[in-house]
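Data first, discussion second: the structure below is written as structure tokens.
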Amino acid sequence: MILKFNKNFKYLIIFILMVRCGNYSFTGASIPDGTESFQVNLFDNNAGNNVGSIFEPGLDTDFTVALQNILENQTNLQMVQSNGDLLYEGEIVEYRVSPMTATADLNAAQNRLSISISVNFKNFKKEDDSFERRFSFYFDFPAEQQLISIKSEAHEIIFERITQDIFNASLAKW
């Protein structure tokens, strides 16, 4: 009986300490005191301006919404249209399909879709946490498939990884 009480008491103390030690969320976010809101500006799609990269219509909106969604789902911050405590903005700088492996007769056996995003993050409550950085990820697919047939799945997987990396860099400090 005493052993069970001590075990439960230990968990209660740990929980109280976690709650009292500041702004911590169970997603790993470390949100500075006084931070209540975030703003995500539309990420310009400038991928077509780079050699070897192509312009994909609608990518700007799709990526911006994906970043907004992860921030809404993994924090208790309010999304605002202007004057956010945290500001995410940037541009899509690469959207490229490249052959990755070849067959014996030197045809592509596998292709890779790569997307790179340049992010300018500003933390107005803790300016030392602000950064400008490039985030990239890819999706490999068989060369006999057309990009159009895998594009939706590829975008979802790539955006999930890039937005999680942005979240980790800006709020989880990973």
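Chain labels run A, B, ... following the order of the structure tokens; each chain numbers its residues from 1, and ligands are numbered from 1 in the order shown.
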Contacts of region 105-164 of chain A with region 29-48 of chain A up to 12 Å, shortest pair per row, only C-alpha atoms, as JSON lines:
{"residue": "A:Ser114", "atom": "CA", "partner": "A:Ala47", "partner_atom": "CA", "distance": 10.9}
{"residue": "A:Ile115", "atom": "CA", "partner": "A:Ala47", "partner_atom": "CA", "distance": 8.7}
{"residue": "A:Ser116", "atom": "CA", "partner": "A:Ala47", "partner_atom": "CA", "distance": 8.5}
{"residue": "A:Ile117", "atom": "CA", "partner": "A:Phe43", "partner_atom": "CA", "distance": 8.6}
{"residue": "A:Ser118", "atom": "CA", "partner": "A:Phe43", "partner_atom": "CA", "distance": 8.9}
{"residue": "A:Val119", "atom": "CA", "partner": "A:Phe43", "partner_atom": "CA", "distance": 8.6}
{"residue": "A:Asn120", "atom": "CA", "partner": "A:Phe43", "partner_atom": "CA", "distance": 10.2}
{"residue": "A:Phe121", "atom": "CA", "partner": "A:Val40", "partner_atom": "CA", "distance": 9.5}
{"residue": "A:Lys122", "atom": "CA", "partner": "A:Phe38", "partner_atom": "CA", "distance": 9.8}
{"residue": "A:Asn123", "atom": "CA", "partner": "A:Thr35", "partner_atom": "CA", "distance": 9.0}
{"residue": "A:Phe124", "atom": "CA", "partner": "A:Thr35", "partner_atom": "CA", "distance": 8.6}
{"residue": "A:Lys125", "atom": "CA", "partner": "A:Thr35", "partner_atom": "CA", "distance": 6.5}
{"residue": "A:Lys126", "atom": "CA", "partner": "A:Pro32", "partner_atom": "CA", "distance": 6.9}
{"residue": "A:Glu127", "atom": "CA", "partner": "A:Pro32", "partner_atom": "CA", "distance": 10.5}
{"residue": "A:Asp128", "atom": "CA", "partner": "A:Pro32", "partner_atom": "CA", "distance": 11.4}
{"residue": "A:Asp129", "atom": "CA", "partner": "A:Pro32", "partner_atom": "CA", "distance": 9.8}
{"residue": "A:Thr163", "atom": "CA", "partner": "A:Val40", "partner_atom": "CA", "distance": 11.9}
{"residue": "A:Gln164", "atom": "CA", "partner": "A:Ala29", "partner_atom": "CA", "distance": 11.4}
- Message: Just want the 12 Å neighbourhood of Glu156 (chain A), counted on only C-alpha atoms, with same-chain residues fewer than 4 positions away dropped. Output as a ChimeraX atom specification.
- Response: /A:59,62-63,65-67,115,137-139,150-152,160-163
- Shortest contact to Ile157 (chain A), candidates A:Asn83, A:Ser136, A:Gln74, A:Thr64, atoms counted only C-alpha atoms, goes to A:Ser136
- Mind the document's chain letters and residue numbers, and return as a PyMOL selection string the residues of region 34-172 of chain A that DSSP labels strand (DSSP E or B). chain A and resi 37-40+44-45+78-79+86-102+108-123+131-142
May I have the selected residues written with C-alpha atoms, as a JSON list (two decimals), in the first residue's frame?
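As a result, again31.json now contains:
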[["chain", "number", "residue", "atom", "x", "y", "z"],
["A", 37, "SER", "CA", 0.59, 33.78, -32.10],
["A", 38, "PHE", "CA", 2.26, 32.81, -35.35],
["A", 39, "GLN", "CA", 2.01, 34.08, -38.90],
["A", 40, "VAL", "CA", 2.81, 32.14, -42.08],
["A", 44, "ASP", "CA", 6.60, 32.33, -53.21],
["A", 45, "ASN", "CA", 7.17, 29.65, -55.84],
["A", 78, "GLN", "CA", -3.12, 31.28, -32.51],
["A", 79, "MET", "CA", -2.61, 31.74, -36.26],
["A", 86, "LEU", "CA", 6.49, 34.18, -34.74],
["A", 87, "LEU", "CA", 6.81, 34.80, -38.48],
["A", 88, "TYR", "CA", 7.46, 32.16, -41.14],
["A", 89, "GLU", "CA", 8.13, 33.32, -44.69],
["A", 90, "GLY", "CA", 10.27, 32.31, -47.61],
["A", 91, "GLU", "CA", 10.26, 30.76, -51.04],
["A", 92, "ILE", "CA", 10.23, 27.46, -52.86],
["A", 93, "VAL", "CA", 13.62, 27.42, -54.57],
["A", 94, "GLU", "CA", 13.75, 23.96, -56.15],
["A", 95, "TYR", "CA", 11.33, 21.48, -57.68],
["A", 96, "ARG", "CA", 13.35, 18.96, -59.65],
["A", 97, "VAL", "CA", 12.97, 15.46, -61.08],
["A", 98, "SER", "CA", 16.30, 13.66, -61.52],
["A", 99, "PRO", "CA", 17.22, 10.12, -62.58],
["A", 100, "MET", "CA", 18.67, 8.19, -59.64],
["A", 101, "THR", "CA", 19.55, 4.69, -60.85],
["A", 102, "ALA", "CA", 20.07, 3.22, -64.30],
["A", 108, "ALA", "CA", 16.61, 5.50, -65.82],
["A", 109, "ALA", "CA", 15.24, 2.87, -63.45],
["A", 110, "GLN", "CA", 14.27, 5.28, -60.68],
["A", 111, "ASN", "CA", 13.60, 8.99, -60.50],
["A", 112, "ARG", "CA", 13.71, 11.39, -57.56],
["A", 113, "LEU", "CA", 11.47, 14.40, -56.98],
["A", 114, "SER", "CA", 13.33, 16.94, -54.81],
["A", 115, "ILE", "CA", 11.84, 20.04, -53.24],
["A", 116, "SER", "CA", 13.84, 22.75, -51.43],
["A", 117, "ILE", "CA", 12.37, 25.57, -49.40],
["A", 118, "SER", "CA", 14.23, 28.64, -48.15],
["A", 119, "VAL", "CA", 12.74, 29.73, -44.81],
["A", 120, "ASN", "CA", 13.15, 33.01, -43.00],
["A", 121, "PHE", "CA", 11.92, 32.50, -39.40],
["A", 122, "LYS", "CA", 11.58, 35.46, -37.07],
["A", 123, "ASN", "CA", 10.88, 35.08, -33.38],
["A", 131, "PHE", "CA", 17.13, 32.08, -38.60],
["A", 132, "GLU", "CA", 17.25, 31.87, -42.37],
["A", 133, "ARG", "CA", 17.81, 28.32, -43.64],
["A", 134, "ARG", "CA", 17.11, 25.96, -46.51],
["A", 135, "PHE", "CA", 15.11, 22.76, -45.99],
["A", 136, "SER", "CA", 14.93, 19.92, -48.54],
["A", 137, "PHE", "CA", 13.52, 16.46, -48.96],
["A", 138, "TYR", "CA", 12.78, 14.02, -51.78],
["A", 139, "PHE", "CA", 10.56, 11.20, -53.00],
["A", 140, "ASP", "CA", 11.89, 8.32, -55.14],
["A", 141, "PHE", "CA", 9.63, 6.63, -57.69],
["A", 142, "PRO", "CA", 9.99, 4.11, -60.55]]
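Atom to atom, CA of Thr75 (chain A) and CA of His155 (chain A) stand 23.0 Å apart.
CA of Ile158 (chain A) is positioned 26.8 Å from CA of Asp85 (chain A).
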